[in-house]
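With JSON, C-alpha atoms inside, this is run39.json:
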[["chain", "number", "residue", "atom", "x", "y", "z"],
["A", 100, "MET", "CA", -3.48, 24.53, -7.64],
["A", 101, "THR", "CA", -3.44, 22.50, -10.83],
["A", 102, "GLY", "CA", -0.78, 19.82, -11.18],
["A", 103, "LYS", "CA", -1.49, 16.33, -12.37],
["A", 104, "LEU", "CA", -4.14, 13.85, -11.31],
["A", 105, "VAL", "CA", -3.32, 10.13, -11.25],
["A", 106, "ALA", "CA", -6.18, 7.89, -12.46],
["A", 107, "LEU", "CA", -5.84, 4.13, -11.94],
["A", 108, "VAL", "CA", -7.60, 2.03, -14.57],
["A", 109, "ASP", "CA", -7.84, -1.76, -14.61],
["A", 110, "GLY", "CA", -10.34, -2.58, -17.33],
["A", 111, "SER", "CA", -13.11, -3.34, -14.84],
["A", 112, "ILE", "CA", -16.60, -1.85, -14.90],
["A", 113, "TYR", "CA", -15.26, 0.96, -12.71],
["A", 114, "SER", "CA", -12.69, 2.22, -15.20],
["A", 115, "LYS", "CA", -15.14, 4.40, -17.11],
["A", 116, "SER", "CA", -16.32, 6.04, -13.88],
["A", 117, "VAL", "CA", -12.72, 6.64, -12.82],
["A", 118, "CYS", "CA", -12.08, 8.42, -16.13],
["A", 119, "GLU", "CA", -15.28, 10.47, -15.97],
["A", 120, "ASN", "CA", -14.59, 11.57, -12.40],
["A", 121, "ALA", "CA", -11.01, 12.43, -13.35],
["A", 122, "ALA", "CA", -12.35, 14.47, -16.28],
["A", 123, "TRP", "CA", -14.73, 16.30, -13.94],
["A", 124, "ILE", "CA", -11.88, 17.16, -11.58],
["A", 125, "ALA", "CA", -9.63, 18.22, -14.46],
["A", 126, "SER", "CA", -12.32, 20.45, -15.94],
["A", 127, "ARG", "CA", -12.70, 22.35, -12.65],
["A", 128, "THR", "CA", -9.05, 22.58, -11.68],
["A", 129, "GLY", "CA", -7.06, 22.60, -14.91],
["A", 130, "ALA", "CA", -5.18, 19.48, -13.83],
["A", 131, "ALA", "CA", -3.55, 17.15, -16.32],
["A", 132, "VAL", "CA", -4.49, 13.47, -16.04],
["A", 133, "ASP", "CA", -1.89, 10.72, -15.75],
["A", 134, "LEU", "CA", -3.55, 7.39, -16.63],
["A", 135, "LEU", "CA", -1.93, 4.43, -14.92],
["A", 136, "HIS", "CA", -2.47, 0.73, -15.51],
["A", 137, "VAL", "CA", -0.44, -1.76, -13.48],
["A", 138, "ARG", "CA", 0.26, -5.29, -14.65],
["A", 139, "GLY", "CA", 0.88, -7.61, -11.73],
["A", 140, "ARG", "CA", 3.97, -9.75, -11.43],
["A", 141, "ARG", "CA", 3.82, -12.78, -13.66],
["A", 142, "GLU", "CA", 2.58, -15.91, -11.93],
["A", 143, "THR", "CA", 4.98, -18.85, -11.70],
["A", 144, "PRO", "CA", 4.09, -22.55, -11.67],
["A", 145, "ALA", "CA", 3.41, -23.95, -8.23],
["A", 146, "SER", "CA", 5.71, -26.91, -8.92],
["A", 147, "ASP", "CA", 7.92, -28.40, -11.61],
["A", 148, "LEU", "CA", 5.63, -30.81, -13.41],
["A", 149, "SER", "CA", 8.41, -32.14, -15.61],
["A", 150, "GLY", "CA", 10.51, -33.90, -12.97],
["A", 151, "SER", "CA", 9.37, -37.46, -13.71],
["A", 152, "ILE", "CA", 9.49, -37.07, -17.50],
["A", 153, "ALA", "CA", 12.35, -38.38, -19.62],
["A", 154, "LEU", "CA", 15.02, -35.85, -20.55],
["A", 155, "GLY", "CA", 13.99, -35.28, -24.18],
["A", 156, "ALA", "CA", 10.30, -34.97, -23.36],
["A", 157, "ARG", "CA", 11.07, -32.73, -20.39],
["A", 158, "SER", "CA", 13.10, -30.35, -22.56],
["A", 159, "ALA", "CA", 10.25, -30.18, -25.07],
["A", 160, "LEU", "CA", 7.75, -29.48, -22.30],
["A", 161, "LEU", "CA", 9.88, -26.72, -20.79],
["A", 162, "ALA", "CA", 10.23, -25.11, -24.20],
["A", 163, "GLU", "CA", 6.47, -25.23, -24.66],
["A", 164, "LEU", "CA", 5.87, -23.74, -21.21],
["A", 165, "ALA", "CA", 8.34, -20.95, -21.97],
["A", 166, "GLU", "CA", 6.53, -20.19, -25.21],
["A", 167, "HIS", "CA", 3.22, -20.16, -23.30],
["A", 168, "ASP", "CA", 4.65, -17.64, -20.83],
["A", 169, "ARG", "CA", 5.85, -15.42, -23.66],
["A", 170, "GLU", "CA", 2.44, -15.52, -25.32],
["A", 171, "ARG", "CA", 0.68, -14.77, -22.04],
["A", 172, "ALA", "CA", 2.99, -11.80, -21.46],
["A", 173, "ARG", "CA", 2.37, -10.54, -24.99],
["A", 174, "LEU", "CA", -1.41, -10.74, -24.55],
["A", 175, "ALA", "CA", -1.22, -9.02, -21.15],
["A", 176, "LEU", "CA", 0.78, -6.20, -22.71],
["A", 177, "MET", "CA", -1.77, -5.83, -25.50],
["A", 178, "ARG", "CA", -4.59, -5.82, -22.98],
["A", 179, "GLY", "CA", -2.88, -3.15, -20.86],
["A", 180, "ARG", "CA", -2.36, -0.92, -23.87],
["A", 181, "ALA", "CA", -5.99, -1.39, -24.94],
["A", 182, "ILE", "CA", -7.21, -0.45, -21.46],
["A", 183, "LEU", "CA", -5.16, 2.75, -21.54],
["A", 184, "GLU", "CA", -6.29, 3.61, -25.07],
["A", 185, "ASP", "CA", -9.94, 3.23, -24.10],
["A", 186, "ALA", "CA", -9.43, 5.31, -20.95],
["A", 187, "GLU", "CA", -7.65, 8.05, -22.88],
["A", 188, "ALA", "CA", -10.50, 8.15, -25.40],
["A", 189, "VAL", "CA", -13.02, 8.70, -22.56],
["A", 190, "LEU", "CA", -10.96, 11.59, -21.16],
["A", 191, "ARG", "CA", -10.42, 13.28, -24.51],
["A", 192, "ALA", "CA", -14.11, 12.92, -25.38],
["A", 193, "ALA", "CA", -14.85, 14.75, -22.11],
["A", 194, "GLY", "CA", -12.59, 17.62, -23.19],
["A", 195, "VAL", "CA", -9.40, 16.78, -21.29],
["A", 196, "THR", "CA", -6.44, 17.71, -23.48],
["A", 197, "GLN", "CA", -3.55, 17.06, -21.09],
["A", 198, "VAL", "CA", -3.45, 13.25, -20.87],
["A", 199, "THR", "CA", -0.48, 10.95, -20.42],
["A", 200, "VAL", "CA", -0.55, 7.15, -20.19],
["A", 201, "ARG", "CA", 1.64, 4.85, -18.17],
["A", 202, "LEU", "CA", 1.81, 1.05, -18.25],
["A", 203, "ASN", "CA", 3.70, -0.37, -15.27],
["A", 204, "ASN", "CA", 4.71, -3.87, -14.25],
["A", 205, "GLY", "CA", 4.96, -5.12, -10.69],
["A", 206, "ASP", "CA", 3.46, -4.06, -7.39],
["A", 207, "LEU", "CA", 0.44, -1.75, -7.42],
["A", 208, "LEU", "CA", 1.44, 0.16, -4.28],
["A", 209, "ASP", "CA", 4.94, 0.82, -5.59],
["A", 210, "ALA", "CA", 3.47, 2.15, -8.83],
["A", 211, "VAL", "CA", 1.01, 4.39, -7.00],
["A", 212, "SER", "CA", 3.72, 5.71, -4.69],
["A", 213, "GLU", "CA", 5.88, 6.65, -7.66],
["A", 214, "ALA", "CA", 3.05, 8.12, -9.73],
["A", 215, "GLU", "CA", 1.49, 10.24, -7.00],
["A", 216, "HIS", "CA", 4.70, 12.17, -6.35],
["A", 217, "GLY", "CA", 3.99, 15.77, -7.26],
["A", 218, "SER", "CA", 0.33, 15.08, -8.00],
["A", 219, "ARG", "CA", -2.80, 16.69, -6.60],
["A", 220, "GLY", "CA", -4.38, 13.30, -5.88],
["A", 221, "VAL", "CA", -5.25, 9.80, -7.00],
["A", 222, "VAL", "CA", -8.54, 8.50, -8.43],
["A", 223, "VAL", "CA", -9.33, 4.82, -8.00],
["A", 224, "GLY", "CA", -12.49, 2.77, -8.46],
["A", 225, "LYS", "CA", -14.51, 1.40, -5.57],
["A", 226, "ARG", "CA", -14.60, -2.28, -4.92],
["A", 227, "GLY", "CA", -18.19, -3.23, -5.67],
["A", 228, "GLU", "CA", -20.24, -6.40, -5.88],
["A", 229, "ALA", "CA", -18.82, -7.38, -9.30],
["A", 230, "ALA", "CA", -16.42, -10.32, -9.25],
["A", 231, "ASP", "CA", -14.06, -8.73, -11.77],
["A", 232, "PHE", "CA", -12.87, -6.18, -9.26],
["A", 233, "ALA", "CA", -11.80, -8.82, -6.75],
["A", 234, "LYS", "CA", -10.14, -10.79, -9.54],
["A", 235, "LEU", "CA", -8.16, -7.79, -10.72],
["A", 236, "HIS", "CA", -6.91, -7.05, -7.18],
["A", 237, "LEU", "CA", -7.50, -3.29, -7.27],
["A", 238, "GLY", "CA", -10.51, -3.49, -4.97],
["A", 239, "SER", "CA", -8.81, -5.92, -2.61],
["A", 240, "ASN", "CA", -5.90, -3.46, -2.33],
["A", 241, "LEU", "CA", -8.07, -0.40, -1.73],
["A", 242, "GLU", "CA", -7.37, -0.28, 2.00],
["A", 243, "ARG", "CA", -3.64, -0.69, 1.37],
["A", 244, "ILE", "CA", -3.73, 2.17, -1.12],
["A", 245, "ALA", "CA", -5.63, 4.33, 1.38],
["A", 246, "ARG", "CA", -3.05, 3.60, 4.06],
["A", 247, "SER", "CA", -0.05, 4.30, 1.86],
["A", 248, "ALA", "CA", -1.24, 7.20, -0.31],
["A", 249, "THR", "CA", 0.19, 10.56, 0.70],
["A", 250, "LYS", "CA", -2.16, 12.56, -1.52],
["A", 251, "PRO", "CA", -5.98, 12.85, -1.39],
["A", 252, "LEU", "CA", -7.58, 9.62, -2.59],
["A", 253, "PHE", "CA", -10.78, 9.95, -4.64],
["A", 254, "VAL", "CA", -12.66, 6.64, -4.59],
["A", 255, "ALA", "CA", -15.04, 6.62, -7.55],
["A", 256, "ALA", "CA", -18.44, 4.93, -7.45],
["A", 257, "ARG", "CA", -19.58, 2.48, -10.09],
["A", 258, "ALA", "CA", -21.22, 5.16, -12.25],
["A", 259, "PHE", "CA", -20.37, 8.84, -12.53],
["A", 260, "ARG", "CA", -22.94, 11.52, -11.82],
["A", 261, "PRO", "CA", -22.42, 15.28, -11.67],
["A", 262, "ILE", "CA", -21.37, 16.43, -8.20],
["A", 263, "GLN", "CA", -23.23, 19.31, -6.56],
["A", 264, "LYS", "CA", -23.69, 18.35, -2.89],
["A", 265, "VAL", "CA", -20.62, 17.61, -0.79],
["A", 266, "LEU", "CA", -20.71, 16.28, 2.78],
["A", 267, "ILE", "CA", -17.64, 16.48, 5.02],
["A", 268, "ALA", "CA", -17.76, 13.90, 7.82],
["A", 269, "HIS", "CA", -15.79, 15.56, 10.61],
["A", 270, "ASP", "CA", -14.55, 13.76, 13.72],
["A", 271, "GLY", "CA", -12.24, 16.45, 15.04],
["A", 272, "GLY", "CA", -9.08, 14.61, 14.04],
["A", 273, "ALA", "CA", -6.10, 16.07, 12.21],
["A", 274, "SER", "CA", -6.99, 14.40, 8.92],
["A", 275, "ALA", "CA", -10.54, 15.77, 9.11],
["A", 276, "MET", "CA", -9.21, 19.27, 9.65],
["A", 277, "LYS", "CA", -6.88, 18.76, 6.68],
["A", 278, "ALA", "CA", -9.92, 17.80, 4.60],
["A", 279, "VAL", "CA", -11.78, 20.95, 5.69],
["A", 280, "ASP", "CA", -8.84, 23.18, 4.84],
["A", 281, "HIS", "CA", -8.43, 21.50, 1.46],
["A", 282, "VAL", "CA", -12.08, 21.92, 0.54],
["A", 283, "ALA", "CA", -11.97, 25.58, 1.59],
["A", 284, "ARG", "CA", -8.99, 26.31, -0.67],
["A", 285, "ASP", "CA", -9.43, 23.99, -3.65],
["A", 286, "PRO", "CA", -11.15, 25.41, -6.79],
["A", 287, "LEU", "CA", -12.62, 21.92, -7.29],
["A", 288, "PHE", "CA", -15.27, 22.79, -4.69],
["A", 289, "ALA", "CA", -16.01, 26.34, -5.81],
["A", 290, "GLY", "CA", -19.76, 26.91, -6.12],
["A", 291, "LEU", "CA", -20.67, 23.49, -4.71],
["A", 292, "ASP", "CA", -23.08, 22.90, -1.82],
["A", 293, "VAL", "CA", -20.71, 21.96, 1.05],
["A", 294, "ARG", "CA", -22.05, 20.68, 4.37],
["A", 295, "LEU", "CA", -20.53, 19.42, 7.63],
["A", 296, "LEU", "CA", -21.51, 16.41, 9.71],
["A", 297, "THR", "CA", -20.23, 14.93, 12.93],
["A", 298, "VAL", "CA", -21.63, 11.75, 14.48],
["A", 299, "GLY", "CA", -21.81, 11.52, 18.25],
["A", 300, "ALA", "CA", -23.02, 13.43, 21.28],
["A", 301, "ASP", "CA", -24.12, 17.05, 20.87],
["A", 302, "THR", "CA", -21.66, 18.63, 23.30],
["A", 303, "PRO", "CA", -20.14, 22.12, 23.59],
["A", 304, "ASP", "CA", -16.81, 20.69, 22.43],
["A", 305, "ALA", "CA", -18.43, 19.11, 19.37],
["A", 306, "ARG", "CA", -20.14, 22.39, 18.52],
["A", 307, "ARG", "CA", -16.88, 24.29, 18.93],
["A", 308, "ARG", "CA", -15.09, 21.96, 16.53],
["A", 309, "MET", "CA", -17.87, 22.26, 13.98],
["A", 310, "ALA", "CA", -17.96, 26.05, 14.33],
["A", 311, "ASP", "CA", -14.20, 26.21, 13.73],
["A", 312, "ALA", "CA", -14.55, 24.06, 10.62],
["A", 313, "GLN", "CA", -17.47, 26.16, 9.45],
["A", 314, "THR", "CA", -15.39, 29.33, 9.84],
["A", 315, "THR", "CA", -12.63, 27.86, 7.68],
["A", 316, "LEU", "CA", -15.09, 26.85, 4.98],
["A", 317, "ARG", "CA", -16.87, 30.20, 5.03],
["A", 318, "ALA", "CA", -13.52, 31.90, 4.48],
["A", 319, "GLY", "CA", -13.32, 29.84, 1.31],
["A", 320, "GLY", "CA", -16.76, 30.98, 0.15],
["A", 321, "HIS", "CA", -18.94, 28.11, 1.43],
["A", 322, "ASP", "CA", -21.95, 28.55, 3.70],
["A", 323, "ALA", "CA", -21.25, 25.10, 5.19],
["A", 324, "PRO", "CA", -24.20, 24.39, 7.50],
["A", 325, "PHE", "CA", -23.39, 21.69, 10.04],
["A", 326, "GLU", "CA", -25.25, 18.85, 11.71],
["A", 327, "ILE", "CA", -24.46, 16.83, 14.82],
["A", 328, "ALA", "CA", -26.18, 13.44, 14.60],
["A", 329, "PRO", "CA", -26.32, 10.61, 17.15],
["A", 330, "GLY", "CA", -25.66, 7.00, 16.26],
["A", 331, "GLN", "CA", -22.99, 4.72, 14.79],
["A", 332, "PRO", "CA", -20.81, 6.57, 12.28],
["A", 333, "ASP", "CA", -21.07, 4.10, 9.41],
["A", 334, "LYS", "CA", -24.84, 3.70, 9.56],
["A", 335, "THR", "CA", -25.58, 7.35, 10.31],
["A", 336, "ILE", "CA", -23.31, 8.75, 7.60],
["A", 337, "ALA", "CA", -24.78, 6.40, 5.00],
["A", 338, "GLU", "CA", -28.33, 7.34, 6.01],
["A", 339, "ILE", "CA", -27.62, 11.08, 5.80],
["A", 340, "VAL", "CA", -25.86, 10.70, 2.44],
["A", 341, "GLU", "CA", -29.00, 8.99, 1.14],
["A", 342, "ARG", "CA", -31.44, 11.34, 2.87],
["A", 343, "ASP", "CA", -29.83, 14.55, 1.60],
["A", 344, "GLY", "CA", -28.90, 13.35, -1.89],
["A", 345, "ILE", "CA", -25.17, 13.83, -1.27],
["A", 346, "ASP", "CA", -22.98, 13.39, -4.36],
["A", 347, "LEU", "CA", -19.55, 13.25, -2.70],
["A", 348, "LEU", "CA", -18.47, 12.27, 0.83],
["A", 349, "VAL", "CA", -15.24, 13.80, 2.17],
["A", 350, "MET", "CA", -13.54, 12.23, 5.19],
["A", 351, "GLY", "CA", -10.25, 12.03, 7.00],
["A", 352, "ALA", "CA", -8.64, 8.62, 6.59],
["A", 353, "PHE", "CA", -7.38, 8.66, 10.15],
["A", 354, "GLY", "CA", -8.89, 10.16, 13.28],
["A", 355, "HIS", "CA", -9.04, 9.80, 17.03],
["A", 356, "SER", "CA", -12.65, 8.61, 17.29],
["A", 357, "ARG", "CA", -14.60, 5.58, 16.12],
["A", 358, "LEU", "CA", -14.23, 6.89, 12.58],
["A", 359, "ARG", "CA", -10.59, 5.76, 12.65],
["A", 360, "SER", "CA", -11.47, 2.08, 12.83],
["A", 361, "LEU", "CA", -14.32, 2.71, 10.42],
["A", 362, "ILE", "CA", -12.37, 4.26, 7.56],
["A", 363, "ILE", "CA", -9.09, 2.36, 7.80],
["A", 364, "GLY", "CA", -9.78, -1.05, 9.22],
["A", 365, "SER", "CA", -11.86, -4.16, 8.82],
["A", 366, "THR", "CA", -15.03, -2.27, 7.84],
["A", 367, "THR", "CA", -13.48, -0.07, 5.13],
["A", 368, "THR", "CA", -15.09, -1.93, 2.25],
["A", 369, "GLU", "CA", -18.44, -2.04, 4.01],
["A", 370, "MET", "CA", -18.42, 1.74, 4.47],
["A", 371, "ILE", "CA", -17.45, 2.45, 0.89],
["A", 372, "ARG", "CA", -20.16, 0.15, -0.41],
["A", 373, "SER", "CA", -22.87, 1.46, 1.91],
["A", 374, "CYS", "CA", -22.57, 5.09, 0.82],
["A", 375, "LYS", "CA", -23.05, 4.43, -2.93],
["A", 376, "VAL", "CA", -21.32, 7.74, -3.75],
["A", 377, "PRO", "CA", -17.68, 8.70, -4.33],
["A", 378, "ILE", "CA", -15.52, 9.24, -1.25],
["A", 379, "LEU", "CA", -12.58, 11.62, -0.99],
["A", 380, "LEU", "CA", -10.12, 10.46, 1.70],
["A", 381, "PHE", "CA", -7.41, 12.50, 3.41],
["A", 382, "ARG", "CA", -4.61, 11.27, 5.62]]
Starting from the file, lay out its structure as structure tokens.
Amino acid sequence: MTGKLVALVDGSIYSKSVCENAAWIASRTGAAVDLLHVRGRRETPASDLSGSIALGARSALLAELAEHDRERARLALMRGRAILEDAEAVLRAAGVTQVTVRLNNGDLLDAVSEAEHGSRGVVVGKRGEAADFAKLHLGSNLERIARSATKPLFVAARAFRPIQKVLIAHDGGASAMKAVDHVARDPLFAGLDVRLLTVGADTPDARRRMADAQTTLRAGGHDAPFEIAPGQPDKTIAEIVERDGIDLLVMGAFGHSRLRSLIIGSTTTEMIRSCKVPILLFR
């Protein structure tokens, strides 16, 4: 499976990591990279400030405001092109030869929905502590992207590091099983250290689910040892990621256990921040 990979760049401190992670994926899978930058809809004045001004002065003011809007649009266009040029340079420096760029206007989710059609997945930056991410809306829309994306969503950390150890957090849900099957088949994970984790009670049913997942992964060439750990999913997963030096966390975006509210819900941002590593989400 090759196809294209959609990489969302916004000019924030995460853009370089998005490009480097996209380059890593492309180098292992042969995927082309489609760089996408989305300019939001132009803001409009909250009110007409010219209403109490005499006709001639009001006309002059409106003309000046129109010129200001044109200049702002021109600068935004220049900025978007510069962001894409910088991102393309990072990818080509990393050896990616199949790169296309796309500058869209309007709604981010609409742009992602259109771009991901026929792709192997989407790479987006995490929302971190930096204020620029909140200002540029990409981080604030991360949960919305995760809910709407139909392809695997790779959420890049602030800084790229080579990926060797992969942890699949498995809750027994359909999306978790989809993640396991994907990892087993995808050349992206060939030769990597893949492990399984479920958080909850160590029951025969839990062991059966883990053994089934392990069988699938072993058929794909992974040893895939598994662990069943007690505790709260968010805290326990983060602790094990840190303890074992995990480089990439793979999870289903929806499930039937507590992980469902964890991954897509009010604590999404908290989970992504707490792990400090990239997360690959499956619906």
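Considering only C-alpha atoms, the residue among A:Ala186, A:Ala121, A:Gly224, A:Val349 positioned nearest to A:Val200 is A:Ala186.
Counting only C-alpha atoms, the residue from A:Arg260, A:His136, A:His167, A:Arg178 that sits nearest to A:Arg201 is A:His136.
Restricting the calculation to all atoms listed in the file, the smallest distance between A:Arg382 and any of A:Arg191, A:Lys225, A:Arg257, A:Lys277 is found for A:Lys277.
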Would you compute the distance between atom CA of A:Ser114 and atom CA of A:Ala275? Give it in Å to one decimal.
27.9 Å
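Across the model, the gap from atom CA of A:Val223 to atom CA of A:Ser116 is 9.2 Å.
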note - atom CA of A:Asp346 and atom CA of A:Val298 are separated by 19.0 Å
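The shortest atom-to-atom distance to A:Leu380, with only C-alpha atoms taken into account, belongs to A:Ala278 out of A:Val265, A:Ala122, A:Ala278, A:Leu164.
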Measuring between only C-alpha atoms, which one of A:Gly290, A:Pro377, A:Pro251, A:Pro261 shows the shortest distance to A:Asp322?
A:Gly290
From the set A:Val108, A:Ala214, A:Ala268, A:Ala323, which residue has the shortest atom-to-atom contact distance to A:Thr335, counting all atoms listed in the file?
A:Ala268
I'd like the contact shell of A:Gly220 - 9 Å cut-off, all atoms listed in the file, skipping same-chain residues fewer than 4 positions apart - returned as a PDB file with C-alpha atoms, in the frame of the given file.
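In the end it all went to part34.pdb:
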ATOM      1  CA  LYS A 103      -1.490  16.330 -12.370  1.00  0.00           C
ATOM      2  CA  LEU A 104      -4.140  13.850 -11.310  1.00  0.00           C
ATOM      3  CA  VAL A 105      -3.320  10.130 -11.250  1.00  0.00           C
ATOM      4  CA  ALA A 106      -6.180   7.890 -12.460  1.00  0.00           C
ATOM      5  CA  GLU A 215       1.490  10.240  -7.000  1.00  0.00           C
ATOM      6  CA  ALA A 248      -1.240   7.200  -0.310  1.00  0.00           C
ATOM      7  CA  THR A 249       0.190  10.560   0.700  1.00  0.00           C
ATOM      8  CA  LYS A 250      -2.160  12.560  -1.520  1.00  0.00           C
ATOM      9  CA  PRO A 251      -5.980  12.850  -1.390  1.00  0.00           C
ATOM     10  CA  LEU A 252      -7.580   9.620  -2.590  1.00  0.00           C
ATOM     11  CA  PHE A 253     -10.780   9.950  -4.640  1.00  0.00           C
TER      12      PHE A 253
END
Using all atoms listed in the file, which protein or nucleic acid residues come within 12 Å of A:Arg306? Drop anything in the same chain fewer than 6 positions from it, and give the result as a PyMOL selection string.
chain A and resi 269-271+295-300+312-313+324-328
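Within a radius of 9 Å around (-12.4, 27.9, 1.7), the polymer residues are A:Val279, A:Asp280, A:His281, A:Val282, A:Ala283, A:Arg284, A:Asp285, A:Pro286, A:Phe288, A:Ala289, A:Thr314, A:Thr315, A:Leu316, A:Arg317, A:Ala318, A:Gly319, A:Gly320, A:His321, counting all atoms listed in the file.
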Can I get the selected residues back with C-alpha atoms, as a PDB file, in the coordinates of the input?
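Output (result22.pdb):
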ATOM      1  CA  VAL A 279     -11.780  20.950   5.690  1.00  0.00           C
ATOM      2  CA  ASP A 280      -8.840  23.180   4.840  1.00  0.00           C
ATOM      3  CA  HIS A 281      -8.430  21.500   1.460  1.00  0.00           C
ATOM      4  CA  VAL A 282     -12.080  21.920   0.540  1.00  0.00           C
ATOM      5  CA  ALA A 283     -11.970  25.580   1.590  1.00  0.00           C
ATOM      6  CA  ARG A 284      -8.990  26.310  -0.670  1.00  0.00           C
ATOM      7  CA  ASP A 285      -9.430  23.990  -3.650  1.00  0.00           C
ATOM      8  CA  PRO A 286     -11.150  25.410  -6.790  1.00  0.00           C
ATOM      9  CA  PHE A 288     -15.270  22.790  -4.690  1.00  0.00           C
ATOM     10  CA  ALA A 289     -16.010  26.340  -5.810  1.00  0.00           C
ATOM     11  CA  THR A 314     -15.390  29.330   9.840  1.00  0.00           C
ATOM     12  CA  THR A 315     -12.630  27.860   7.680  1.00  0.00           C
ATOM     13  CA  LEU A 316     -15.090  26.850   4.980  1.00  0.00           C
ATOM     14  CA  ARG A 317     -16.870  30.200   5.030  1.00  0.00           C
ATOM     15  CA  ALA A 318     -13.520  31.900   4.480  1.00  0.00           C
ATOM     16  CA  GLY A 319     -13.320  29.840   1.310  1.00  0.00           C
ATOM     17  CA  GLY A 320     -16.760  30.980   0.150  1.00  0.00           C
ATOM     18  CA  HIS A 321     -18.940  28.110   1.430  1.00  0.00           C
TER      19      HIS A 321
END
Would you mind listing what lies within 10 Å of stretch 339-341 of chain A as a ChimeraX atom specification, with all atoms listed in the file counted and same-chain residues fewer than 2 positions away left out?
/A:264-266,296,328,334-337,343-348,373-376
A:Val198 surroundings by all atoms listed in the file, 9 Å radius, close-in-sequence under 4 positions cut, as a ChimeraX atom specification
/A:131-134,187,190-191
Could stretch 261-275 of chain A be completed with N, CA and C atoms and returned as an mmCIF file, in the frame of the given file?
data_model
loop_
_atom_site.group_PDB
_atom_site.id
_atom_site.type_symbol
_atom_site.label_atom_id
_atom_site.label_comp_id
_atom_site.auth_asym_id
_atom_site.auth_seq_id
_atom_site.Cartn_x
_atom_site.Cartn_y
_atom_site.Cartn_z
ATOM 1 N N PRO A 261 -22.917 13.946 -11.997
ATOM 2 C CA PRO A 261 -22.420 15.280 -11.670
ATOM 3 C C PRO A 261 -22.495 15.544 -10.166
ATOM 4 N N ILE A 262 -21.478 16.196 -9.644
ATOM 5 C CA ILE A 262 -21.370 16.430 -8.200
ATOM 6 C C ILE A 262 -21.770 17.866 -7.891
ATOM 7 N N GLN A 263 -22.771 18.010 -7.038
ATOM 8 C CA GLN A 263 -23.230 19.310 -6.560
ATOM 9 C C GLN A 263 -23.201 19.413 -5.041
ATOM 10 N N LYS A 264 -23.611 18.337 -4.350
ATOM 11 C CA LYS A 264 -23.690 18.350 -2.890
ATOM 12 C C LYS A 264 -22.538 17.554 -2.289
ATOM 13 N N VAL A 265 -21.803 18.213 -1.415
ATOM 14 C CA VAL A 265 -20.620 17.610 -0.790
ATOM 15 C C VAL A 265 -20.831 17.583 0.723
ATOM 16 N N LEU A 266 -20.597 16.421 1.325
ATOM 17 C CA LEU A 266 -20.710 16.280 2.780
ATOM 18 C C LEU A 266 -19.337 15.952 3.358
ATOM 19 N N ILE A 267 -18.888 16.755 4.319
ATOM 20 C CA ILE A 267 -17.640 16.480 5.020
ATOM 21 C C ILE A 267 -17.982 15.835 6.362
ATOM 22 N N ALA A 268 -17.578 14.588 6.536
ATOM 23 C CA ALA A 268 -17.760 13.900 7.820
ATOM 24 C C ALA A 268 -16.575 14.250 8.704
ATOM 25 N N HIS A 269 -16.848 14.951 9.787
ATOM 26 C CA HIS A 269 -15.790 15.560 10.610
ATOM 27 C C HIS A 269 -15.807 14.927 11.996
ATOM 28 N N ASP A 270 -14.648 14.368 12.396
ATOM 29 C CA ASP A 270 -14.550 13.760 13.720
ATOM 30 C C ASP A 270 -13.618 14.516 14.656
ATOM 31 N N GLY A 271 -13.122 15.656 14.204
ATOM 32 C CA GLY A 271 -12.240 16.450 15.040
ATOM 33 C C GLY A 271 -10.786 16.075 14.935
ATOM 34 N N GLY A 272 -10.464 15.037 14.174
ATOM 35 C CA GLY A 272 -9.080 14.610 14.040
ATOM 36 C C GLY A 272 -8.298 15.470 13.070
ATOM 37 N N ALA A 273 -6.983 15.261 13.056
ATOM 38 C CA ALA A 273 -6.100 16.070 12.210
ATOM 39 C C ALA A 273 -6.411 15.874 10.732
ATOM 40 N N SER A 274 -6.712 14.641 10.331
ATOM 41 C CA SER A 274 -6.990 14.400 8.920
ATOM 42 C C SER A 274 -8.302 15.050 8.500
ATOM 43 N N ALA A 275 -9.276 15.107 9.416
ATOM 44 C CA ALA A 275 -10.540 15.770 9.110
ATOM 45 C C ALA A 275 -10.334 17.270 8.937
#
